[in-house]
Amino acid sequence: MTWLVTGGAGYIGAHVARALSEAGERVVVLDDLSNGLPERLPPEVPLVRGTVSDRPLLDRTLAEHGVTGVVHLAAKKQVGESVERPLAYYRENVHGLTVLLEAVVAAGVRRFLFSSSAAVYGMPEEDPVTEDTPCVPLSPYGETKLAGEWLVRATGRAHGMATACLRYFNVAGAARPELADLGVSNVIPMFFDALTRGEAPRIFGDDYPTPDGTCIRDYIHVVDLADAHLATARRLAELPGGEDLTLNVGTGRGVSVRELADLVAEVTGVREPAPLVVARRPGDPAGVVASAERIGKELGWAPRYGVRQMVASAWEGWCLRHPEAGGSGRGVG
Ligand SMILES: NC(=O)c1ccc[n+]([C@@H]2O[C@H](COP(=O)([O-])OP(=O)(O)OC[C@H]3O[C@@H](n4cnc5c(N)ncnc54)[C@H](O)[C@@H]3O)[C@@H](O)[C@H]2O)c1
């Protein structure tokens with residue numbers, strides 16, 4: 001097969017493009033580089049620079065590269081920004097997907113994998129969260145991911161395409177330092193950022209109904225996530241047209257923010273200033289942990305890496321971009 005990976009120059013996309021390519025699949029990446037880096041791609045993977053909303057470019061790319069399957073990761077992903085700029089999020093994440101699906105249907109592509117998110121669940125009341133837990137997204141970002149799932153499934157059924165929606169939980173870590181996440185919107189880079197500036201990492205609330213009072217999340221190593229894409233791609237290649245899969249990608253293990261802060265201190269060797277507990281953030285659920293049962297059964301996939309490896313590899317990537325952070329006494333654990 002030949003896979004078009006949209007957003008393949010991004011943090012997760014570059015790991016997915018590499019995993020597919022290393023497993024012997026042909027890969028072409030389409031990325032507008034709004035948040036991507038071409039140097040993340042291995043030399044054998046061609047990069048087409050442009051947006052998924054550009055229909056003529058999509059038509060050319062699908063035809064010229066003989067694309068037979070699509071992994072669609074290109075999207076805007078900041079929850080807070082989506083509240084400020086809902087129109088931009090709907091345009092990029094929903095309109096962009098519509099244009100891509102139209103091109104894919106016209107080209108006769110029969111396999112489509114969509115990058116969804118645990119944000120579709122909002123504030124889930126079930127623990128662990130299964131794929132049947134009601135989806136009540138709390139932000140425009142989460143809404144665009146849920147609407148994206150609907151679009152993908154409906155298109156697959158109507159046009160005989162096998163589809164998969166992967167709902168990622170909290171993605172962290174890197175296969176190698178150059179591939180690390182550049183943003184500081186997730187808790188691990190937020191902790192690194194504070195420590196690099198000599199400030200106390202902030203913990204938002206320690207009065208939640210959890211064992212240590214801090215929020216619990218399910219962290220998934222980006223290498224495991226990329227392997228889940230490879231397993232899904234292989235499964236899609238066998239599935240009859242019109243079939244769909246919706247799968248959580250998490251470990252099924254919860255880690256509290258306090259535990260994470262302790263691990264960050266251990267791995268970085270930076271223990272001062274100690275974390276500071278501040279007020280809760282509105283809309284933060286106490287615990288969100290995936291049930292990873294369905295993906296295990298469907299794909300035989302299981303995560304291989306733990307949270308320590310996520311923190312250690314993320315720190316190596318952070319130090320590459322922030323050499324001042326890796327100074328004396330601050331080693332990689
Ligand atoms: N990072 C997470 O924790 C997380 C969690 C759940 C879901 N996701 C989803 O995973 C996907 C990838 O996230 P990421 O963390 O790698 O983000 P990222 O910003 O690093 O990667 C997104 C890539 O898409 C590109 N892009 C954006 N809009 C585009 C467009 N219109 N046309 C072509 N390219 C475009 C960007 O340049 C970037 O390279 C997104 O769909 C995101 O919603 C991420």
# chains A, B, ... in the order shown; residues from 1 in each chain; ligands from 1

call {"tool": "residues_around", "arguments": {"residues": "Arg111 in chain A", "least_positions_apart": "2", "cutoff": "9 Å", "atoms": "only C-alpha atoms", "output": "ChimeraX atom specification"}}
result
/A:68-71,109,113,156,161-164,233,236-237,239,241

call {"tool": "write_last_selection", "arguments": {"atoms": "C-alpha atoms", "output": "PDB file, in the first residue's frame"}}
result
ATOM      1  CA  THR A  68      -4.210   3.605  -1.546  1.00  0.00           C
ATOM      2  CA  GLY A  69      -4.751   4.670   2.079  1.00  0.00           C
ATOM      3  CA  VAL A  70      -4.801   7.888   4.130  1.00  0.00           C
ATOM      4  CA  VAL A  71      -3.747   8.566   7.723  1.00  0.00           C
ATOM      5  CA  VAL A 109      -8.993   5.345  -2.037  1.00  0.00           C
ATOM      6  CA  LEU A 113      -7.485   6.370   9.426  1.00  0.00           C
ATOM      7  CA  GLY A 156     -16.847   5.105   4.715  1.00  0.00           C
ATOM      8  CA  MET A 161     -14.259   2.652   2.490  1.00  0.00           C
ATOM      9  CA  ALA A 162     -12.796   0.860   5.547  1.00  0.00           C
ATOM     10  CA  THR A 163     -12.222   3.473   8.249  1.00  0.00           C
ATOM     11  CA  ALA A 164     -10.717   3.768  11.710  1.00  0.00           C
ATOM     12  CA  ALA A 233      -3.215   0.383   8.902  1.00  0.00           C
ATOM     13  CA  LEU A 236      -7.651  -1.642   7.509  1.00  0.00           C
ATOM     14  CA  ALA A 237      -5.912  -3.239   4.535  1.00  0.00           C
ATOM     15  CA  LEU A 239     -11.181  -5.046   6.316  1.00  0.00           C
ATOM     16  CA  GLY A 241     -15.151  -1.609   2.555  1.00  0.00           C
TER      17      GLY A 241
END

call {"tool": "residues_near_ligand", "arguments": {"ligand": "ligand 1", "cutoff": "8 Å", "atoms": "only C-alpha atoms and all ligand atoms", "output": "mmCIF file with N, CA and C atoms, in the first residue's frame"}}
result
data_model
loop_
_atom_site.group_PDB
_atom_site.id
_atom_site.type_symbol
_atom_site.label_atom_id
_atom_site.label_comp_id
_atom_site.auth_asym_id
_atom_site.auth_seq_id
_atom_site.Cartn_x
_atom_site.Cartn_y
_atom_site.Cartn_z
ATOM 1 N N THR A 6 -1.229 12.878 6.325
ATOM 2 C CA THR A 6 -1.383 14.334 6.425
ATOM 3 C C THR A 6 -0.893 14.765 7.810
ATOM 4 N N GLY A 7 -0.233 15.913 7.878
ATOM 5 C CA GLY A 7 0.319 16.345 9.167
ATOM 6 C C GLY A 7 1.521 15.508 9.573
ATOM 7 N N GLY A 8 2.158 14.877 8.583
ATOM 8 C CA GLY A 8 3.264 13.955 8.870
ATOM 9 C C GLY A 8 4.561 14.626 9.281
ATOM 10 N N ALA A 9 4.635 15.962 9.174
ATOM 11 C CA ALA A 9 5.835 16.649 9.660
ATOM 12 C C ALA A 9 5.627 17.135 11.097
ATOM 13 N N GLY A 10 4.466 16.817 11.673
ATOM 14 C CA GLY A 10 4.169 17.204 13.056
ATOM 15 C C GLY A 10 4.728 16.199 14.039
ATOM 16 N N TYR A 11 4.464 16.458 15.304
ATOM 17 C CA TYR A 11 5.016 15.620 16.392
ATOM 18 C C TYR A 11 4.584 14.157 16.238
ATOM 19 N N ILE A 12 3.288 13.902 16.241
ATOM 20 C CA ILE A 12 2.831 12.511 16.160
ATOM 21 C C ILE A 12 2.983 11.985 14.731
ATOM 22 N N GLY A 13 2.642 12.829 13.751
ATOM 23 C CA GLY A 13 2.688 12.404 12.351
ATOM 24 C C GLY A 13 4.062 11.908 11.931
ATOM 25 N N ALA A 14 5.120 12.570 12.411
ATOM 26 C CA ALA A 14 6.474 12.150 12.027
ATOM 27 C C ALA A 14 6.779 10.768 12.606
ATOM 28 N N LEU A 30 1.818 14.935 3.449
ATOM 29 C CA LEU A 30 1.295 16.253 3.049
ATOM 30 C C LEU A 30 1.206 17.094 4.317
ATOM 31 N N ASP A 31 1.873 18.247 4.307
ATOM 32 C CA ASP A 31 1.881 19.089 5.509
ATOM 33 C C ASP A 31 2.061 20.527 5.076
ATOM 34 N N ASP A 32 1.295 21.438 5.697
ATOM 35 C CA ASP A 32 1.453 22.856 5.324
ATOM 36 C C ASP A 32 2.553 23.534 6.150
ATOM 37 N N LEU A 33 3.188 22.766 7.019
ATOM 38 C CA LEU A 33 4.301 23.230 7.865
ATOM 39 C C LEU A 33 3.895 24.381 8.783
ATOM 40 N N SER A 34 2.588 24.521 9.055
ATOM 41 C CA SER A 34 2.162 25.558 9.997
ATOM 42 C C SER A 34 2.670 25.225 11.397
ATOM 43 N N ASN A 35 2.858 23.941 11.669
ATOM 44 C CA ASN A 35 3.427 23.540 12.965
ATOM 45 C C ASN A 35 4.320 22.314 12.794
ATOM 46 N N GLY A 36 4.834 22.132 11.590
ATOM 47 C CA GLY A 36 5.641 20.937 11.318
ATOM 48 C C GLY A 36 7.060 21.298 10.916
ATOM 49 N N LEU A 37 7.935 20.304 10.952
ATOM 50 C CA LEU A 37 9.337 20.498 10.591
ATOM 51 C C LEU A 37 9.719 19.440 9.556
ATOM 52 N N ARG A 49 4.308 19.975 0.257
ATOM 53 C CA ARG A 49 3.965 21.089 1.130
ATOM 54 C C ARG A 49 2.649 21.709 0.688
ATOM 55 N N GLY A 50 1.650 21.712 1.560
ATOM 56 C CA GLY A 50 0.367 22.311 1.207
ATOM 57 C C GLY A 50 -0.695 21.898 2.202
ATOM 58 N N THR A 51 -1.880 22.476 1.999
ATOM 59 C CA THR A 51 -2.945 22.249 2.971
ATOM 60 C C THR A 51 -3.957 21.198 2.485
ATOM 61 N N VAL A 52 -4.604 20.540 3.434
ATOM 62 C CA VAL A 52 -5.621 19.538 3.080
ATOM 63 C C VAL A 52 -6.877 20.205 2.496
ATOM 64 N N SER A 53 -6.945 21.525 2.547
ATOM 65 C CA SER A 53 -8.095 22.211 1.939
ATOM 66 C C SER A 53 -7.860 22.512 0.458
ATOM 67 N N HIS A 72 -4.937 10.523 8.491
ATOM 68 C CA HIS A 72 -5.177 11.973 8.561
ATOM 69 C C HIS A 72 -4.929 12.507 9.973
ATOM 70 N N LEU A 73 -3.764 13.156 10.117
ATOM 71 C CA LEU A 73 -3.417 13.749 11.418
ATOM 72 C C LEU A 73 -3.433 15.265 11.387
ATOM 73 N N ALA A 74 -3.413 15.878 10.206
ATOM 74 C CA ALA A 74 -3.313 17.337 10.116
ATOM 75 C C ALA A 74 -4.512 17.977 10.806
ATOM 76 N N ALA A 75 -4.237 18.829 11.765
ATOM 77 C CA ALA A 75 -5.322 19.509 12.484
ATOM 78 C C ALA A 75 -4.727 20.565 13.389
ATOM 79 N N LYS A 76 -5.615 21.429 13.856
ATOM 80 C CA LYS A 76 -5.235 22.338 14.926
ATOM 81 C C LYS A 76 -5.637 21.643 16.229
ATOM 82 N N LYS A 77 -4.832 21.833 17.292
ATOM 83 C CA LYS A 77 -5.036 20.964 18.461
ATOM 84 C C LYS A 77 -5.054 21.644 19.833
ATOM 85 N N GLU A 92 -10.381 24.397 9.736
ATOM 86 C CA GLU A 92 -9.234 23.495 9.535
ATOM 87 C C GLU A 92 -9.625 22.033 9.756
ATOM 88 N N ASN A 93 -10.300 21.772 10.867
ATOM 89 C CA ASN A 93 -10.482 20.376 11.280
ATOM 90 C C ASN A 93 -11.705 19.707 10.652
ATOM 91 N N GLY A 96 -11.577 21.165 6.332
ATOM 92 C CA GLY A 96 -10.385 20.545 5.726
ATOM 93 C C GLY A 96 -10.597 19.050 5.526
ATOM 94 N N PHE A 114 -8.373 8.063 10.912
ATOM 95 C CA PHE A 114 -8.556 9.431 11.415
ATOM 96 C C PHE A 114 -8.038 9.557 12.841
ATOM 97 N N SER A 115 -7.310 10.659 13.057
ATOM 98 C CA SER A 115 -6.700 10.976 14.338
ATOM 99 C C SER A 115 -7.724 11.670 15.225
ATOM 100 N N SER A 116 -8.332 10.905 16.147
ATOM 101 C CA SER A 116 -9.295 11.520 17.060
ATOM 102 C C SER A 116 -8.646 11.672 18.441
ATOM 103 N N SER A 117 -9.448 11.967 19.432
ATOM 104 C CA SER A 117 -8.874 12.349 20.722
ATOM 105 C C SER A 117 -9.808 11.969 21.859
ATOM 106 N N ALA A 118 -9.233 11.761 23.034
ATOM 107 C CA ALA A 118 -10.047 11.539 24.232
ATOM 108 C C ALA A 118 -10.878 12.784 24.553
ATOM 109 N N ALA A 119 -10.546 13.914 23.911
ATOM 110 C CA ALA A 119 -11.338 15.136 24.115
ATOM 111 C C ALA A 119 -12.790 14.942 23.677
ATOM 112 N N TYR A 141 -12.552 22.315 20.049
ATOM 113 C CA TYR A 141 -11.585 21.329 19.544
ATOM 114 C C TYR A 141 -12.172 19.916 19.618
ATOM 115 N N LYS A 145 -13.339 17.093 16.609
ATOM 116 C CA LYS A 145 -12.864 15.704 16.519
ATOM 117 C C LYS A 145 -14.058 14.743 16.442
ATOM 118 N N ARG A 167 -8.792 7.204 19.133
ATOM 119 C CA ARG A 167 -8.949 8.248 20.159
ATOM 120 C C ARG A 167 -7.736 8.224 21.071
ATOM 121 N N TYR A 168 -6.788 9.155 20.816
ATOM 122 C CA TYR A 168 -5.556 9.175 21.607
ATOM 123 C C TYR A 168 -5.849 9.778 22.978
ATOM 124 N N PHE A 169 -5.212 9.205 24.007
ATOM 125 C CA PHE A 169 -5.248 9.828 25.330
ATOM 126 C C PHE A 169 -4.050 10.798 25.418
ATOM 127 N N ASN A 170 -3.362 10.906 26.533
ATOM 128 C CA ASN A 170 -2.327 11.954 26.654
ATOM 129 C C ASN A 170 -1.004 11.477 26.064
ATOM 130 N N VAL A 171 -0.635 12.062 24.949
ATOM 131 C CA VAL A 171 0.531 11.581 24.208
ATOM 132 C C VAL A 171 1.796 12.272 24.736
ATOM 133 N N ALA A 172 2.857 11.485 24.934
ATOM 134 C CA ALA A 172 4.103 12.059 25.475
ATOM 135 C C ALA A 172 5.292 11.264 24.968
ATOM 136 N N ASP A 181 7.905 16.841 20.864
ATOM 137 C CA ASP A 181 6.860 17.863 20.742
ATOM 138 C C ASP A 181 7.469 19.233 21.043
ATOM 139 N N LEU A 182 7.120 20.231 20.229
ATOM 140 C CA LEU A 182 7.677 21.571 20.442
ATOM 141 C C LEU A 182 6.797 22.429 21.340
ATOM 142 N N GLY A 183 5.542 22.032 21.502
ATOM 143 C CA GLY A 183 4.585 22.875 22.225
ATOM 144 C C GLY A 183 4.731 22.760 23.735
ATOM 145 N N ASN A 186 1.019 20.622 26.930
ATOM 146 C CA ASN A 186 0.781 19.432 27.740
ATOM 147 C C ASN A 186 1.580 19.521 29.037
#

call {"tool": "select_by_dssp", "arguments": {"residues": "range 176-271 of chain A", "states": "strand (DSSP E or B)", "output": "PyMOL selection string"}}
result
chain A and resi 202-204+216-217+219-221+244-249+255-256

call {"tool": "write_last_selection", "arguments": {"atoms": "C-alpha atoms", "output": "mmCIF file, in the first residue's frame"}}
result
data_model
loop_
_atom_site.group_PDB
_atom_site.id
_atom_site.type_symbol
_atom_site.label_atom_id
_atom_site.label_comp_id
_atom_site.auth_asym_id
_atom_site.auth_seq_id
_atom_site.Cartn_x
_atom_site.Cartn_y
_atom_site.Cartn_z
ATOM 1 C CA ARG A 202 2.219 24.344 38.880
ATOM 2 C CA ILE A 203 -0.229 21.660 39.933
ATOM 3 C CA PHE A 204 -3.825 22.724 39.293
ATOM 4 C CA ILE A 216 -5.238 11.388 37.028
ATOM 5 C CA ARG A 217 -4.575 10.886 33.314
ATOM 6 C CA TYR A 219 -0.223 8.808 29.265
ATOM 7 C CA ILE A 220 0.705 6.999 26.083
ATOM 8 C CA HIS A 221 4.212 6.939 24.612
ATOM 9 C CA ASP A 244 -15.278 0.934 10.726
ATOM 10 C CA LEU A 245 -13.207 0.731 13.892
ATOM 11 C CA THR A 246 -13.291 3.155 16.800
ATOM 12 C CA LEU A 247 -10.523 2.534 19.295
ATOM 13 C CA ASN A 248 -9.098 4.187 22.402
ATOM 14 C CA VAL A 249 -5.314 4.391 22.399
ATOM 15 C CA VAL A 255 -0.849 8.491 36.648
ATOM 16 C CA SER A 256 -1.521 11.451 38.922
#

call {"tool": "atom_distance", "arguments": {"atom1": "CA of Arg85 in chain A", "atom2": "CA of Ser139 in chain A"}}
result
10.9 Å

call {"tool": "residues_around", "arguments": {"residues": "Gly160 in chain A", "least_positions_apart": "5", "cutoff": "9 Å", "atoms": "only C-alpha atoms", "output": "list in words"}}
result
Arg110, Thr155, Pro240, Gly241, Gly242 and Glu243 of chain A

call {"tool": "select_by_dssp", "arguments": {"residues": "range 46-230 of chain A", "states": "helix (DSSP H, G or I)", "output": "JSON, numbers by chain"}}
result
{"A": [55, 56, 57, 58, 59, 60, 61, 62, 63, 64, 79, 80, 81, 82, 83, 84, 86, 87, 88, 89, 90, 91, 92, 93, 94, 95, 96, 97, 98, 99, 100, 101, 102, 103, 104, 105, 106, 107, 118, 119, 120, 121, 140, 141, 142, 143, 144, 145, 146, 147, 148, 149, 150, 151, 152, 153, 154, 155, 156, 157, 158, 159, 177, 178, 179, 187, 188, 189, 190, 191, 192, 193, 194, 195, 196, 222, 223, 224, 225, 226, 227, 228, 229, 230]}

call {"tool": "write_last_selection", "arguments": {"atoms": "C-alpha atoms", "output": "PDB file, in the first residue's frame"}}
result
ATOM      1  CA  ARG A  55      -8.387  20.103  -3.619  1.00  0.00           C
ATOM      2  CA  PRO A  56      -6.297  20.352  -6.825  1.00  0.00           C
ATOM      3  CA  LEU A  57      -3.135  19.625  -4.810  1.00  0.00           C
ATOM      4  CA  LEU A  58      -4.834  16.643  -3.157  1.00  0.00           C
ATOM      5  CA  ASP A  59      -6.001  15.269  -6.518  1.00  0.00           C
ATOM      6  CA  ARG A  60      -2.475  15.542  -7.931  1.00  0.00           C
ATOM      7  CA  THR A  61      -0.820  14.034  -4.849  1.00  0.00           C
ATOM      8  CA  LEU A  62      -3.203  11.068  -4.641  1.00  0.00           C
ATOM      9  CA  ALA A  63      -2.751  10.318  -8.352  1.00  0.00           C
ATOM     10  CA  GLU A  64       0.997  10.947  -8.689  1.00  0.00           C
ATOM     11  CA  VAL A  79      -8.153  23.309  23.368  1.00  0.00           C
ATOM     12  CA  GLY A  80      -7.892  26.853  24.786  1.00  0.00           C
ATOM     13  CA  GLU A  81      -7.310  28.449  21.382  1.00  0.00           C
ATOM     14  CA  SER A  82     -10.321  26.571  20.002  1.00  0.00           C
ATOM     15  CA  VAL A  83     -12.533  28.368  22.538  1.00  0.00           C
ATOM     16  CA  GLU A  84     -11.187  31.742  21.310  1.00  0.00           C
ATOM     17  CA  PRO A  86     -13.931  28.245  16.958  1.00  0.00           C
ATOM     18  CA  LEU A  87     -14.323  29.250  13.299  1.00  0.00           C
ATOM     19  CA  ALA A  88     -10.649  28.583  12.585  1.00  0.00           C
ATOM     20  CA  TYR A  89     -10.937  25.183  14.255  1.00  0.00           C
ATOM     21  CA  TYR A  90     -14.059  24.169  12.362  1.00  0.00           C
ATOM     22  CA  ARG A  91     -12.505  25.406   9.103  1.00  0.00           C
ATOM     23  CA  GLU A  92      -9.234  23.495   9.535  1.00  0.00           C
ATOM     24  CA  ASN A  93     -10.482  20.376  11.280  1.00  0.00           C
ATOM     25  CA  VAL A  94     -13.943  19.862   9.767  1.00  0.00           C
ATOM     26  CA  HIS A  95     -13.956  21.742   6.450  1.00  0.00           C
ATOM     27  CA  GLY A  96     -10.385  20.545   5.726  1.00  0.00           C
ATOM     28  CA  LEU A  97     -11.444  16.951   6.422  1.00  0.00           C
ATOM     29  CA  THR A  98     -14.474  17.308   4.127  1.00  0.00           C
ATOM     30  CA  VAL A  99     -12.284  18.465   1.233  1.00  0.00           C
ATOM     31  CA  LEU A 100      -9.842  15.623   1.903  1.00  0.00           C
ATOM     32  CA  LEU A 101     -12.629  13.018   2.006  1.00  0.00           C
ATOM     33  CA  GLU A 102     -14.102  14.332  -1.250  1.00  0.00           C
ATOM     34  CA  ALA A 103     -10.707  13.962  -2.930  1.00  0.00           C
ATOM     35  CA  VAL A 104     -10.200  10.514  -1.407  1.00  0.00           C
ATOM     36  CA  VAL A 105     -13.620   9.273  -2.602  1.00  0.00           C
ATOM     37  CA  ALA A 106     -13.039  10.710  -6.093  1.00  0.00           C
ATOM     38  CA  ALA A 107      -9.647   8.971  -6.277  1.00  0.00           C
ATOM     39  CA  ALA A 118     -10.047  11.539  24.232  1.00  0.00           C
ATOM     40  CA  ALA A 119     -11.338  15.136  24.115  1.00  0.00           C
ATOM     41  CA  VAL A 120     -14.476  13.693  22.450  1.00  0.00           C
ATOM     42  CA  TYR A 121     -15.503  12.294  25.864  1.00  0.00           C
ATOM     43  CA  PRO A 140     -14.766  23.385  20.055  1.00  0.00           C
ATOM     44  CA  TYR A 141     -11.585  21.329  19.544  1.00  0.00           C
ATOM     45  CA  GLY A 142     -13.288  18.219  20.971  1.00  0.00           C
ATOM     46  CA  GLU A 143     -16.399  18.975  18.912  1.00  0.00           C
ATOM     47  CA  THR A 144     -14.377  19.101  15.698  1.00  0.00           C
ATOM     48  CA  LYS A 145     -12.864  15.704  16.519  1.00  0.00           C
ATOM     49  CA  LEU A 146     -16.298  14.172  17.183  1.00  0.00           C
ATOM     50  CA  ALA A 147     -17.758  15.742  14.024  1.00  0.00           C
ATOM     51  CA  GLY A 148     -14.695  14.413  12.186  1.00  0.00           C
ATOM     52  CA  GLU A 149     -15.451  10.885  13.382  1.00  0.00           C
ATOM     53  CA  TRP A 150     -19.054  11.199  12.146  1.00  0.00           C
ATOM     54  CA  LEU A 151     -17.883  12.449   8.744  1.00  0.00           C
ATOM     55  CA  VAL A 152     -15.333   9.665   8.382  1.00  0.00           C
ATOM     56  CA  ARG A 153     -17.718   6.848   9.364  1.00  0.00           C
ATOM     57  CA  ALA A 154     -20.598   8.138   7.242  1.00  0.00           C
ATOM     58  CA  THR A 155     -18.324   8.563   4.209  1.00  0.00           C
ATOM     59  CA  GLY A 156     -16.847   5.105   4.715  1.00  0.00           C
ATOM     60  CA  ARG A 157     -20.280   3.488   4.835  1.00  0.00           C
ATOM     61  CA  ALA A 158     -21.627   5.405   1.853  1.00  0.00           C
ATOM     62  CA  HIS A 159     -18.572   4.891  -0.369  1.00  0.00           C
ATOM     63  CA  PRO A 177      15.197  13.985  20.637  1.00  0.00           C
ATOM     64  CA  GLU A 178      14.712  15.641  17.205  1.00  0.00           C
ATOM     65  CA  LEU A 179      11.143  14.293  17.028  1.00  0.00           C
ATOM     66  CA  VAL A 187       1.695  18.909  31.370  1.00  0.00           C
ATOM     67  CA  ILE A 188       5.156  17.354  30.862  1.00  0.00           C
ATOM     68  CA  PRO A 189       6.576  20.180  28.681  1.00  0.00           C
ATOM     69  CA  MET A 190       4.799  22.675  30.967  1.00  0.00           C
ATOM     70  CA  PHE A 191       6.786  21.265  33.896  1.00  0.00           C
ATOM     71  CA  PHE A 192      10.040  21.388  31.878  1.00  0.00           C
ATOM     72  CA  ASP A 193       9.308  24.961  30.832  1.00  0.00           C
ATOM     73  CA  ALA A 194       8.796  26.095  34.429  1.00  0.00           C
ATOM     74  CA  LEU A 195      11.945  24.334  35.656  1.00  0.00           C
ATOM     75  CA  THR A 196      14.016  25.816  32.812  1.00  0.00           C
ATOM     76  CA  VAL A 222       4.222   8.356  21.081  1.00  0.00           C
ATOM     77  CA  VAL A 223       6.210   5.316  19.880  1.00  0.00           C
ATOM     78  CA  ASP A 224       3.449   3.005  21.147  1.00  0.00           C
ATOM     79  CA  LEU A 225       0.897   5.296  19.499  1.00  0.00           C
ATOM     80  CA  ALA A 226       2.780   5.101  16.185  1.00  0.00           C
ATOM     81  CA  ASP A 227       2.820   1.288  16.483  1.00  0.00           C
ATOM     82  CA  ALA A 228      -0.948   1.387  17.028  1.00  0.00           C
ATOM     83  CA  HIS A 229      -1.248   3.287  13.712  1.00  0.00           C
ATOM     84  CA  LEU A 230       0.810   0.649  11.944  1.00  0.00           C
TER      85      LEU A 230
END

call {"tool": "residues_around", "arguments": {"residues": "range 20-28 of chain A", "least_positions_apart": "4", "cutoff": "6 Å", "atoms": "only C-alpha atoms", "output": "PDB file with N, CA and C atoms, in the first residue's frame"}}
result
ATOM      1  N   THR A   2       0.296   2.345  -0.438  1.00  0.00           N
ATOM      2  CA  THR A   2       0.958   3.646  -0.313  1.00  0.00           C
ATOM      3  C   THR A   2       0.061   4.533   0.537  1.00  0.00           C
ATOM      4  N   TRP A   3       0.628   5.019   1.650  1.00  0.00           N
ATOM      5  CA  TRP A   3      -0.153   5.800   2.615  1.00  0.00           C
ATOM      6  C   TRP A   3       0.180   7.276   2.497  1.00  0.00           C
ATOM      7  N   LEU A   4      -0.857   8.081   2.388  1.00  0.00           N
ATOM      8  CA  LEU A   4      -0.684   9.529   2.504  1.00  0.00           C
ATOM      9  C   LEU A   4      -0.861   9.864   3.980  1.00  0.00           C
ATOM     10  N   VAL A  45      11.007   9.444   2.707  1.00  0.00           N
ATOM     11  CA  VAL A  45       9.596   9.862   2.705  1.00  0.00           C
ATOM     12  C   VAL A  45       9.451  11.232   2.042  1.00  0.00           C
ATOM     13  N   PRO A  46       8.784  11.295   0.855  1.00  0.00           N
ATOM     14  CA  PRO A  46       8.615  12.597   0.200  1.00  0.00           C
ATOM     15  C   PRO A  46       7.619  13.487   0.947  1.00  0.00           C
ATOM     16  N   LEU A 230       0.347   1.685  12.879  1.00  0.00           N
ATOM     17  CA  LEU A 230       0.810   0.649  11.944  1.00  0.00           C
ATOM     18  C   LEU A 230      -0.128  -0.563  12.024  1.00  0.00           C
TER      19      LEU A 230
END

call {"tool": "atom_distance", "arguments": {"atom1": "CA of Ala17 in chain A", "atom2": "CA of Met310 in chain A"}}
result
19.5 Å

call {"tool": "closest_residue", "arguments": {"among": "A:Pro201, A:Gly300, A:Pro211, A:Gly122", "to": "Ala265 in chain A", "atoms": "only C-alpha atoms"}}
result
A:Pro201

call {"tool": "residues_around", "arguments": {"residues": "Ala286 in chain A", "least_positions_apart": "4", "cutoff": "9 Å", "atoms": "only C-alpha atoms", "output": "number ranges by chain"}}
result
A: 123, 208-210, 213-217

call {"tool": "write_last_selection", "arguments": {"atoms": "C-alpha atoms", "output": "PDB file, in the first residue's frame"}}
result
ATOM      1  CA  MET A 123     -15.888  15.024  31.371  1.00  0.00           C
ATOM      2  CA  TYR A 208      -9.857  16.079  43.662  1.00  0.00           C
ATOM      3  CA  PRO A 209     -11.395  12.763  44.762  1.00  0.00           C
ATOM      4  CA  THR A 210      -8.224  10.821  43.853  1.00  0.00           C
ATOM      5  CA  GLY A 213      -5.869  14.713  45.412  1.00  0.00           C
ATOM      6  CA  THR A 214      -4.385  15.575  41.991  1.00  0.00           C
ATOM      7  CA  CYS A 215      -5.867  14.775  38.577  1.00  0.00           C
ATOM      8  CA  ILE A 216      -5.238  11.388  37.028  1.00  0.00           C
ATOM      9  CA  ARG A 217      -4.575  10.886  33.314  1.00  0.00           C
TER      10      ARG A 217
END

call {"tool": "atom_distance", "arguments": {"atom1": "CA of Gly306 in chain A", "atom2": "CA of Ser291 in chain A"}}
result
16.2 Å

call {"tool": "residues_around", "arguments": {"residues": "Arg253 in chain A", "least_positions_apart": "6", "cutoff": "8 Å", "atoms": "only C-alpha atoms", "output": "PyMOL selection string"}}
result
chain A and resi 218-219+289-290

call {"tool": "write_last_selection", "arguments": {"atoms": "C-alpha atoms", "output": "compact mmCIF listing (two decimals), in the first residue's frame"}}
result
# COMPACT_ATOMS: atom_id res chain seq x y z
CA ASP A 218 -3.56 8.09 30.98
CA TYR A 219 -0.22 8.81 29.26
CA VAL A 289 -8.17 6.66 32.05
CA ALA A 290 -8.74 4.61 28.90
